[in-house]
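J.: work16.cif (mmCIF, C-alpha atoms) pasted underneath:
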data_structure
#
loop_
_atom_site.label_atom_id
_atom_site.label_comp_id
_atom_site.auth_asym_id
_atom_site.auth_seq_id
_atom_site.Cartn_x
_atom_site.Cartn_y
_atom_site.Cartn_z
CA MET A 13 -1.98 -38.11 8.49
CA ARG A 14 -2.70 -34.53 7.44
CA ILE A 15 -0.84 -31.51 8.78
CA GLU A 16 -4.20 -29.89 9.53
CA ALA A 17 -5.13 -32.77 11.85
CA LEU A 18 -1.86 -32.39 13.76
CA GLU A 19 -2.41 -28.63 14.05
CA CYS A 20 -5.90 -29.22 15.46
CA PHE A 21 -4.59 -31.80 17.90
CA HIS A 22 -1.81 -29.50 19.09
CA GLU A 23 -4.34 -26.68 19.59
CA ILE A 24 -6.29 -28.93 21.97
CA MET A 25 -3.07 -29.72 23.83
CA LYS A 26 -2.25 -26.03 24.17
CA SER A 27 -5.67 -24.92 25.35
CA GLY A 28 -6.62 -28.03 27.32
CA SER A 29 -10.14 -27.73 25.98
CA ILE A 30 -11.90 -28.89 22.83
CA ARG A 31 -14.26 -25.91 23.10
CA GLN A 32 -11.43 -23.36 23.21
CA ALA A 33 -9.46 -25.17 20.52
CA ALA A 34 -12.50 -25.29 18.24
CA SER A 35 -12.99 -21.54 18.71
CA SER A 36 -9.32 -20.85 17.91
CA ARG A 37 -9.45 -23.00 14.77
CA TYR A 38 -12.86 -21.61 13.68
CA ILE A 39 -14.49 -25.05 13.47
CA THR A 40 -17.26 -26.73 15.45
CA GLN A 41 -16.56 -28.82 18.55
CA GLN A 42 -18.16 -31.78 16.78
CA GLY A 43 -15.81 -31.35 13.83
CA LEU A 44 -12.78 -31.15 16.10
CA SER A 45 -13.88 -34.27 17.99
CA LYS A 46 -14.06 -36.13 14.66
CA VAL A 47 -10.48 -35.06 13.89
CA VAL A 48 -9.32 -36.59 17.20
CA GLN A 49 -11.31 -39.78 16.57
CA SER A 50 -9.77 -40.08 13.10
CA LEU A 51 -6.24 -39.75 14.56
CA GLU A 52 -7.00 -42.34 17.23
CA THR A 53 -8.34 -44.76 14.59
CA GLU A 54 -5.31 -44.21 12.34
CA LEU A 55 -2.79 -44.69 15.17
CA GLY A 56 -4.71 -47.33 17.11
CA VAL A 57 -4.35 -45.53 20.46
CA ARG A 58 -6.31 -43.31 22.84
CA LEU A 59 -5.06 -39.73 22.83
CA PHE A 60 -7.23 -38.27 25.61
CA GLN A 61 -9.11 -39.50 28.62
CA LYS A 62 -11.83 -37.81 30.63
CA ARG A 63 -11.18 -36.51 34.12
CA GLY A 64 -14.39 -35.05 35.46
CA ARG A 65 -15.53 -32.43 32.97
CA ASN A 66 -12.07 -32.05 31.53
CA ILE A 67 -9.93 -34.12 29.21
CA VAL A 68 -6.27 -34.90 29.77
CA PRO A 69 -3.78 -36.41 27.32
CA THR A 70 -2.68 -39.99 27.61
CA ALA A 71 0.98 -40.99 27.40
CA GLU A 72 0.38 -41.67 23.70
CA GLY A 73 -1.18 -38.24 23.36
CA LEU A 74 1.87 -36.59 24.90
CA THR A 75 4.12 -38.47 22.52
CA LEU A 76 2.01 -37.49 19.53
CA ASP A 77 2.11 -33.84 20.61
CA GLU A 78 5.93 -33.87 20.61
CA PHE A 79 5.81 -35.26 17.07
CA ALA A 80 3.11 -32.78 16.05
CA GLN A 81 5.17 -29.79 17.21
CA GLU A 82 8.17 -30.99 15.21
CA VAL A 83 6.07 -31.51 12.08
CA ILE A 84 4.30 -28.14 12.42
CA ALA A 85 7.62 -26.34 12.88
CA ALA A 86 9.16 -28.19 9.92
CA HIS A 87 6.12 -27.37 7.80
CA ALA A 88 6.42 -23.66 8.64
CA GLU A 89 10.16 -23.73 7.90
CA LEU A 90 9.50 -25.38 4.54
CA HIS A 91 7.08 -22.61 3.60
CA ARG A 92 9.58 -19.98 4.71
CA ARG A 93 12.35 -21.50 2.57
CA LEU A 94 10.12 -21.87 -0.46
CA LYS A 95 9.01 -18.25 -0.13
CA MET A 96 12.63 -17.10 0.14
CA ILE A 97 13.54 -19.06 -3.01
CA ALA A 98 10.63 -17.47 -4.86
CA VAL A 99 11.64 -14.01 -3.68
CA GLU A 100 15.28 -14.55 -4.62
CA GLU A 101 14.31 -15.77 -8.09
CA ASP A 102 11.95 -12.84 -8.56
CA THR A 103 14.50 -10.38 -7.19
CA SER A 104 17.19 -11.61 -9.53
CA ALA A 105 14.75 -11.29 -12.41
CA VAL A 106 14.04 -7.61 -11.75
CA SER A 107 17.57 -6.67 -10.70
CA ASN A 108 18.96 -3.81 -12.80
CA MET A 109 15.64 -3.43 -14.60
CA PRO A 110 15.14 0.17 -15.81
CA LEU A 111 12.13 1.94 -14.32
CA TYR A 112 11.33 5.47 -15.51
CA ILE A 113 9.52 7.62 -12.95
CA THR A 114 8.20 11.15 -12.49
CA PRO A 115 9.49 13.33 -9.61
CA PHE A 116 6.36 12.79 -7.49
CA VAL A 117 6.79 9.03 -7.71
CA GLY A 118 10.50 9.21 -6.94
CA ASN A 119 10.40 11.78 -4.16
CA GLY A 120 6.92 11.12 -2.88
CA LEU A 121 5.46 7.67 -3.40
CA PHE A 122 8.70 5.68 -3.22
CA GLY A 123 9.91 7.75 -0.29
CA LYS A 124 6.72 7.30 1.70
CA LEU A 125 6.44 3.58 0.95
CA ARG A 126 10.16 2.80 1.24
CA SER A 127 9.97 0.71 4.41
CA GLU A 128 6.92 -1.19 3.14
CA MET A 129 8.60 -1.84 -0.21
CA ASP A 130 11.77 -3.05 1.50
CA GLU A 131 9.75 -5.37 3.73
CA ALA A 132 8.08 -6.83 0.65
CA GLN A 133 11.51 -6.97 -1.02
CA ILE A 134 10.50 -4.82 -3.98
CA GLY A 135 12.64 -1.81 -3.07
CA THR A 136 14.23 0.66 -5.42
CA ASP A 137 17.68 -0.89 -4.96
CA GLN A 138 16.60 -3.69 -7.31
CA LEU A 139 16.02 -1.27 -10.16
CA ILE A 140 17.74 1.29 -12.33
CA ILE A 141 15.67 4.37 -11.47
CA ARG A 142 15.59 7.04 -14.15
CA GLU A 143 13.69 10.21 -13.32
CA ALA A 144 12.16 12.34 -16.06
CA ASN A 145 9.14 14.53 -16.68
CA VAL A 146 5.83 13.12 -17.92
CA LYS A 147 6.13 14.41 -21.49
CA ASP A 148 9.60 12.91 -22.02
CA ILE A 149 8.58 9.56 -20.53
CA ILE A 150 5.49 9.26 -22.73
CA ALA A 151 7.40 10.33 -25.85
CA SER A 152 10.07 7.68 -25.19
CA PHE A 153 7.40 5.08 -24.44
CA LYS A 154 5.62 5.78 -27.73
CA ALA A 155 8.96 5.49 -29.53
CA GLY A 156 9.48 2.01 -28.05
CA GLU A 157 12.47 3.12 -25.96
CA ILE A 158 10.89 2.33 -22.56
CA ASP A 159 9.44 -0.96 -21.32
CA LEU A 160 8.31 0.15 -17.86
CA ALA A 161 7.40 3.50 -16.29
CA LEU A 162 5.62 4.62 -13.14
CA LEU A 163 4.19 8.12 -13.34
CA ASN A 164 1.35 10.41 -12.46
CA MET A 165 -0.69 12.99 -14.32
CA LEU A 166 -3.88 14.96 -13.98
CA GLU A 167 -7.03 12.88 -14.33
CA GLU A 168 -8.23 14.53 -17.56
CA ASP A 169 -4.83 13.98 -19.21
CA TYR A 170 -4.87 10.35 -18.05
CA VAL A 171 -8.23 9.79 -19.74
CA ARG A 172 -6.76 11.00 -23.02
CA LEU A 173 -3.70 8.76 -22.55
CA GLN A 174 -5.93 5.69 -22.19
CA ALA A 175 -6.90 6.06 -25.83
CA LEU A 176 -3.23 5.61 -26.81
CA ALA A 177 -1.96 3.08 -24.28
CA LYS A 178 -3.16 0.54 -21.71
CA PRO A 179 -1.90 1.92 -18.38
CA VAL A 180 -2.12 -0.11 -15.17
CA THR A 181 -3.83 2.11 -12.59
CA LEU A 182 -2.53 2.12 -9.02
CA LEU A 183 -4.49 4.90 -7.36
CA THR A 184 -6.18 8.24 -7.78
CA SER A 185 -5.31 10.98 -5.31
CA GLU A 186 -6.90 14.37 -4.79
CA ILE A 187 -5.00 17.58 -4.10
CA VAL A 188 -6.26 19.28 -0.95
CA LEU A 189 -5.38 22.38 1.02
CA VAL A 190 -4.30 21.92 4.65
CA VAL A 191 -5.66 25.00 6.39
CA PRO A 192 -5.25 26.11 10.04
CA ARG A 193 -8.67 26.33 11.67
CA VAL A 194 -8.16 30.02 12.41
CA LEU A 195 -7.88 30.71 8.66
CA TYR A 196 -10.56 28.19 7.76
CA ASN A 197 -13.15 29.91 9.99
CA ALA A 198 -12.56 33.19 8.16
CA LEU A 199 -13.06 31.78 4.65
CA PRO A 200 -16.32 32.53 2.83
CA LYS A 201 -16.56 29.06 1.32
CA LYS A 202 -15.61 25.57 2.44
CA ALA A 203 -13.91 24.60 -0.80
CA VAL A 204 -10.84 26.17 -2.37
CA THR A 205 -11.63 28.20 -5.46
CA PRO A 206 -8.83 29.89 -7.41
CA GLU A 207 -9.99 33.24 -6.00
CA ILE A 208 -9.75 31.99 -2.40
CA PHE A 209 -6.45 30.26 -3.05
CA SER A 210 -4.88 33.38 -4.53
CA ARG A 211 -5.56 35.31 -1.30
CA LEU A 212 -4.17 32.75 1.16
CA PRO A 213 -0.61 32.73 2.47
CA ILE A 214 0.91 29.44 1.30
CA ALA A 215 3.94 27.54 2.55
CA TYR A 216 5.10 24.69 0.37
CA TYR A 217 8.03 22.42 -0.32
CA ASN A 218 9.70 21.56 -3.55
CA ASP A 219 7.42 19.11 -5.32
CA ASP A 220 7.36 20.09 -8.98
CA VAL A 221 4.36 17.92 -9.77
CA LEU A 222 2.01 19.23 -7.07
CA ASN A 223 3.28 22.77 -7.50
CA GLY A 224 2.62 22.54 -11.24
CA PHE A 225 -0.91 21.24 -10.67
CA VAL A 226 -1.73 24.04 -8.25
CA ASN A 227 -0.21 26.74 -10.44
CA GLU A 228 -2.25 25.52 -13.39
CA PHE A 229 -5.36 25.53 -11.18
CA CYS A 230 -4.83 29.25 -10.57
CA ARG A 231 -3.77 30.17 -14.11
CA SER A 232 -6.76 28.43 -15.71
CA ALA A 233 -9.08 30.81 -13.83
CA GLY A 234 -7.04 33.90 -14.65
CA TYR A 235 -5.36 34.24 -11.26
CA SER A 236 -1.66 34.60 -10.61
CA GLU A 237 0.43 31.71 -9.38
CA LEU A 238 1.13 30.79 -5.75
CA ARG A 239 1.18 33.60 -3.25
CA LEU A 240 4.37 32.54 -1.53
CA PHE A 241 4.48 32.85 2.24
CA ASN A 242 7.40 30.49 2.73
CA HIS A 243 9.20 27.92 0.63
CA SER A 244 11.24 25.32 2.48
CA THR A 245 12.67 21.87 1.94
CA ASN A 246 12.12 21.26 5.66
CA ILE A 247 8.69 19.66 5.94
CA SER A 248 8.71 19.90 9.75
CA SER A 249 9.22 23.66 9.50
CA ILE A 250 6.26 24.00 7.13
CA HIS A 251 4.04 21.89 9.38
CA SER A 252 5.00 24.01 12.37
CA MET A 253 4.00 27.23 10.56
CA VAL A 254 0.68 25.70 9.51
CA GLU A 255 -0.08 24.42 13.01
CA ASN A 256 0.69 27.89 14.39
CA GLY A 257 -1.91 29.42 12.07
CA GLN A 258 0.56 31.41 9.97
CA CYS A 259 -0.25 29.90 6.60
CA ALA A 260 -1.77 27.00 4.70
CA THR A 261 -0.07 24.28 2.67
CA PHE A 262 -1.22 21.65 0.23
CA GLY A 263 -0.74 17.98 -0.40
CA ASP A 264 -2.61 14.99 -1.80
CA THR A 265 -5.02 12.70 -0.01
CA PHE A 266 -3.04 9.49 -0.48
CA SER A 267 0.22 10.94 0.84
CA LEU A 268 -1.59 12.53 3.77
CA THR A 269 -2.97 9.14 4.85
CA LEU A 270 0.64 8.02 5.40
CA LYS A 271 1.42 10.91 7.77
CA GLU A 272 0.30 12.02 11.18
CA ALA A 273 -2.36 14.70 10.87
CA MET A 274 -1.34 18.24 11.73
CA GLU A 275 -3.10 19.53 14.82
CA GLY A 276 -5.75 22.21 14.46
CA THR A 277 -6.06 21.93 10.68
CA VAL A 278 -8.82 21.22 8.17
CA LEU A 279 -8.48 19.53 4.78
CA MET A 280 -10.26 21.53 2.07
CA PRO A 281 -11.01 20.18 -1.43
CA PHE A 282 -10.30 22.30 -4.49
CA ASP A 283 -13.20 23.55 -6.58
CA PRO A 284 -13.13 22.30 -9.28
CA PRO A 285 -11.49 19.10 -7.93
CA GLN A 286 -7.84 18.54 -8.78
CA ARG A 287 -7.13 14.83 -9.02
CA PHE A 288 -4.22 12.91 -10.44
CA VAL A 289 -3.70 9.25 -11.27
CA VAL A 290 -0.62 7.17 -10.41
CA PHE A 291 -0.10 4.35 -12.90
CA PHE A 292 2.33 2.04 -14.67
CA LEU A 293 3.03 2.10 -18.38
CA ILE A 294 4.33 -1.23 -19.68
CA ASN A 295 5.33 -2.46 -23.11
CA PRO A 296 2.19 -4.32 -24.34
CA GLU A 297 4.35 -6.95 -26.03
CA LEU A 298 5.73 -8.21 -22.68
CA ASN A 299 4.03 -11.38 -21.48
CA GLU A 300 2.73 -12.14 -17.98
CA SER A 301 5.94 -13.95 -16.95
CA SER A 302 8.17 -11.00 -17.80
CA PRO A 303 10.09 -9.34 -14.91
CA GLN A 304 8.28 -6.09 -15.59
CA ARG A 305 4.79 -7.54 -15.24
CA ARG A 306 5.84 -9.53 -12.15
CA TYR A 307 7.18 -6.34 -10.61
CA ILE A 308 3.89 -4.54 -11.22
CA SER A 309 1.97 -7.44 -9.70
CA ARG A 310 4.10 -7.45 -6.54
CA PHE A 311 3.97 -3.66 -6.19
CA LYS A 312 0.17 -3.68 -6.47
CA GLU A 313 -0.07 -6.54 -3.98
CA MET A 314 2.04 -4.63 -1.45
CA LEU A 315 0.03 -1.45 -1.97
CA TYR A 316 -3.32 -3.22 -1.66
CA ASP A 317 -2.30 -5.24 1.41
CA ASN A 318 -1.14 -2.14 3.30
CA HIS A 319 -3.53 0.53 2.01
CA GLY A 320 -6.38 -1.41 0.45
CA ALA A 321 -9.09 0.18 2.60
CA PHE A 322 -8.09 3.66 1.47
CA LEU A 323 -7.84 2.65 -2.17
CA ARG A 324 -11.11 0.73 -2.13
CA ASP A 325 -13.25 3.19 -0.19
CA SER A 326 -11.91 6.52 -1.39
CA PHE A 327 -10.66 6.02 -4.93
CA MET A 328 -10.26 3.41 -7.64
CA ASN A 329 -9.88 -0.25 -6.84
CA VAL A 330 -6.36 -1.57 -7.29
#
Using structure tokens, write down the structure from this file.
T.:
Amino acid sequence: MRIEALECFHEIMKSGSIRQAASSRYITQQGLSKVVQSLETELGVRLFQKRGRNIVPTAEGLTLDEFAQEVIAAHAELHRRLKMIAVEEDTSAVSNMPLYITPFVGNGLFGKLRSEMDEAQIGTDQLIIREANVKDIIASFKAGEIDLALLNMLEEDYVRLQALAKPVTLLTSEIVLVVPRVLYNALPKKAVTPEIFSRLPIAYYNDDVLNGFVNEFCRSAGYSELRLFNHSTNISSIHSMVENGQCATFGDTFSLTLKEAMEGTVLMPFDPPQRFVVFFLINPELNESSPQRRYISRFKEMLYDNHGAFLRDSFMNV
């Protein structure tokens, strides 16, 4: 007697209709009827009898349904326990594992995905988090001092890195300007050039990575760095100023998908585009069963399950 047959039988008992049960189980009515006939043949009893256009369970059917519910519940509990054992074994394997990260990953990505990571039981509390800048992380990785790192860098730099290592790509995100519509309507172009950016009042918070990208965007075209309107560690304060039309701010497309959109604003791309890649670096000598590779696999699974549509439609596949 298969668990699937008992689940089908119990679905008929719940709905009181083979048609409805077949629809719920995504099988044909004929197929579901054959499941019932197979159970009746195996047990040597009648499970249903017709009453007009309807079917009602026999006494044997009622008894089987009590058994079916117990088996289905026990089957679900078995899966839950097995999953917990697997998680505990995996958690113990990655516990106290060093993970080197850049500030954006530590303050941005991990912060924004914290609840999702905790739910998937791959939170930062299982790791030894060591924050450092990109150059130091890569230098230590090349020297064989680091087994696992999660970092981000501009797309063109990432392409050059691929010639030296085999990074595991998570996502590509694009830096955009969040502009109040009142400012947007007055702009001569609908993309942010360095010249336009240098004239806008900007409010921003302390994210060294994004700030560095934007500053370099201006410097590369011969313009000065950010024209500071307001600098605050209070994100709500910055959003309020932007929504009131006082200034613009900037962020990246992936992070902005995890927030509520600011009212009365427009997202403007930079020209030329400013994209960065978030990726893992892992010691190539580690095999697939290593805690580091298992951690990457679980992190990617969590990210794809929760944000797969964004990653698939807008940027690289995970």
J.: Can you tell me, as a list of chain:residue names, what residues are no more than 9 Å from Lys124 in chain A when counting all atoms listed in the file, ignoring any on the same chain fewer than 3 positions away?
T.: A:Asn119, A:Gly120, A:Leu121, A:Ser127, A:Glu128, A:Ser267, A:Leu270, A:Lys271
J.: Just how far from CA of Phe311 in chain A is CA of Thr136 in chain A, in Å to one decimal?
T.: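 CA of Phe311 in chain A lies at a distance of 11.2 Å from CA of Thr136 in chain A.
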J.: Got a sec to resolve the PyMOL selection byres ((chain A and resi 131) around 12) on this structure and send the residues as a PyMOL selection string?
T.: chain A and resi 99+125-130+132-136+310-311+314-315+318
J.: Need to verify the contact set: range 286-295 of chain A, 8 Å, only C-alpha atoms, exclusion of same-chain residues closer than 5 positions in sequence. Can you return it as an MDAnalysis selection string?
T.: chainID A and resid 153 156 158:167 170 177:187 225 229 304:305 308
J.: Would you save the residues from that selection as a PDB file, keeping the file's coordinate frame, using C-alpha atoms?
T.:
ATOM      1  CA  PHE A 153       7.400   5.080 -24.440  1.00  0.00           C
ATOM      2  CA  GLY A 156       9.480   2.010 -28.050  1.00  0.00           C
ATOM      3  CA  ILE A 158      10.890   2.330 -22.560  1.00  0.00           C
ATOM      4  CA  ASP A 159       9.440  -0.960 -21.320  1.00  0.00           C
ATOM      5  CA  LEU A 160       8.310   0.150 -17.860  1.00  0.00           C
ATOM      6  CA  ALA A 161       7.400   3.500 -16.290  1.00  0.00           C
ATOM      7  CA  LEU A 162       5.620   4.620 -13.140  1.00  0.00           C
ATOM      8  CA  LEU A 163       4.190   8.120 -13.340  1.00  0.00           C
ATOM      9  CA  ASN A 164       1.350  10.410 -12.460  1.00  0.00           C
ATOM     10  CA  MET A 165      -0.690  12.990 -14.320  1.00  0.00           C
ATOM     11  CA  LEU A 166      -3.880  14.960 -13.980  1.00  0.00           C
ATOM     12  CA  GLU A 167      -7.030  12.880 -14.330  1.00  0.00           C
ATOM     13  CA  TYR A 170      -4.870  10.350 -18.050  1.00  0.00           C
ATOM     14  CA  ALA A 177      -1.960   3.080 -24.280  1.00  0.00           C
ATOM     15  CA  LYS A 178      -3.160   0.540 -21.710  1.00  0.00           C
ATOM     16  CA  PRO A 179      -1.900   1.920 -18.380  1.00  0.00           C
ATOM     17  CA  VAL A 180      -2.120  -0.110 -15.170  1.00  0.00           C
ATOM     18  CA  THR A 181      -3.830   2.110 -12.590  1.00  0.00           C
ATOM     19  CA  LEU A 182      -2.530   2.120  -9.020  1.00  0.00           C
ATOM     20  CA  LEU A 183      -4.490   4.900  -7.360  1.00  0.00           C
ATOM     21  CA  THR A 184      -6.180   8.240  -7.780  1.00  0.00           C
ATOM     22  CA  SER A 185      -5.310  10.980  -5.310  1.00  0.00           C
ATOM     23  CA  GLU A 186      -6.900  14.370  -4.790  1.00  0.00           C
ATOM     24  CA  ILE A 187      -5.000  17.580  -4.100  1.00  0.00           C
ATOM     25  CA  PHE A 225      -0.910  21.240 -10.670  1.00  0.00           C
ATOM     26  CA  PHE A 229      -5.360  25.530 -11.180  1.00  0.00           C
ATOM     27  CA  GLN A 304       8.280  -6.090 -15.590  1.00  0.00           C
ATOM     28  CA  ARG A 305       4.790  -7.540 -15.240  1.00  0.00           C
ATOM     29  CA  ILE A 308       3.890  -4.540 -11.220  1.00  0.00           C
TER      30      ILE A 308
END
J.: For CA of Thr269 in chain A and CA of His319 in chain A, determine how far apart the two atoms are, in Å to one decimal place.
T.: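 Computing it gives 9.1 Å between the two atoms.
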J.: Which distance in Å separates CA of Lys46 in chain A and CA of Ala17 in chain A, to one decimal?
T.: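 Distance reported for this atom pair: 9.9 Å.
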J.: Could you tell me, as a ChimeraX atom specification, exactly which residues end up selected when the PyMOL selection byres ((chain A and resi 108) around 6) is applied to this structure?
T.: /A:107,109,138-140
J.: For a cutoff of 6 Å around the file-coordinate point (-9.6, 23.0, 0.7), which residues qualify once you count all atoms listed in the file? I'd like the result as an MDAnalysis selection string.
T.: chainID A and resid 188:189 203:204 279:282
J.: Let me know the residues the PyMOL selection byres ((chain A and resi 195) around 10) catches in the file above, as a ChimeraX atom specification.
T.: /A:191-194,196-199,212-213,254,257-260,277-278
J.: Please list as an MDAnalysis selection string every residue within 8 Å of Ser29 in chain A, counting all atoms listed in the file and excluding residues in the same chain fewer than 3 positions away.
T.: chainID A and resid 24:25 32:33 66:67
J.: Choose the residue, out of A:Asp169, A:Glu228, A:Asp77, A:Glu23, that has the smallest atom-to-atom separation from Val146 in chain A; count all atoms listed in the file.
T.: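 Under the stated criterion, the closest residue is A:Asp169.
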J.: Select, from A:Val68, A:Ile250, A:Ile208, A:Ile149, the residue with the minimum atom-to-atom distance to Met274 in chain A, counting all atoms listed in the file.
T.: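 Under the stated criterion, the closest residue is A:Ile250.
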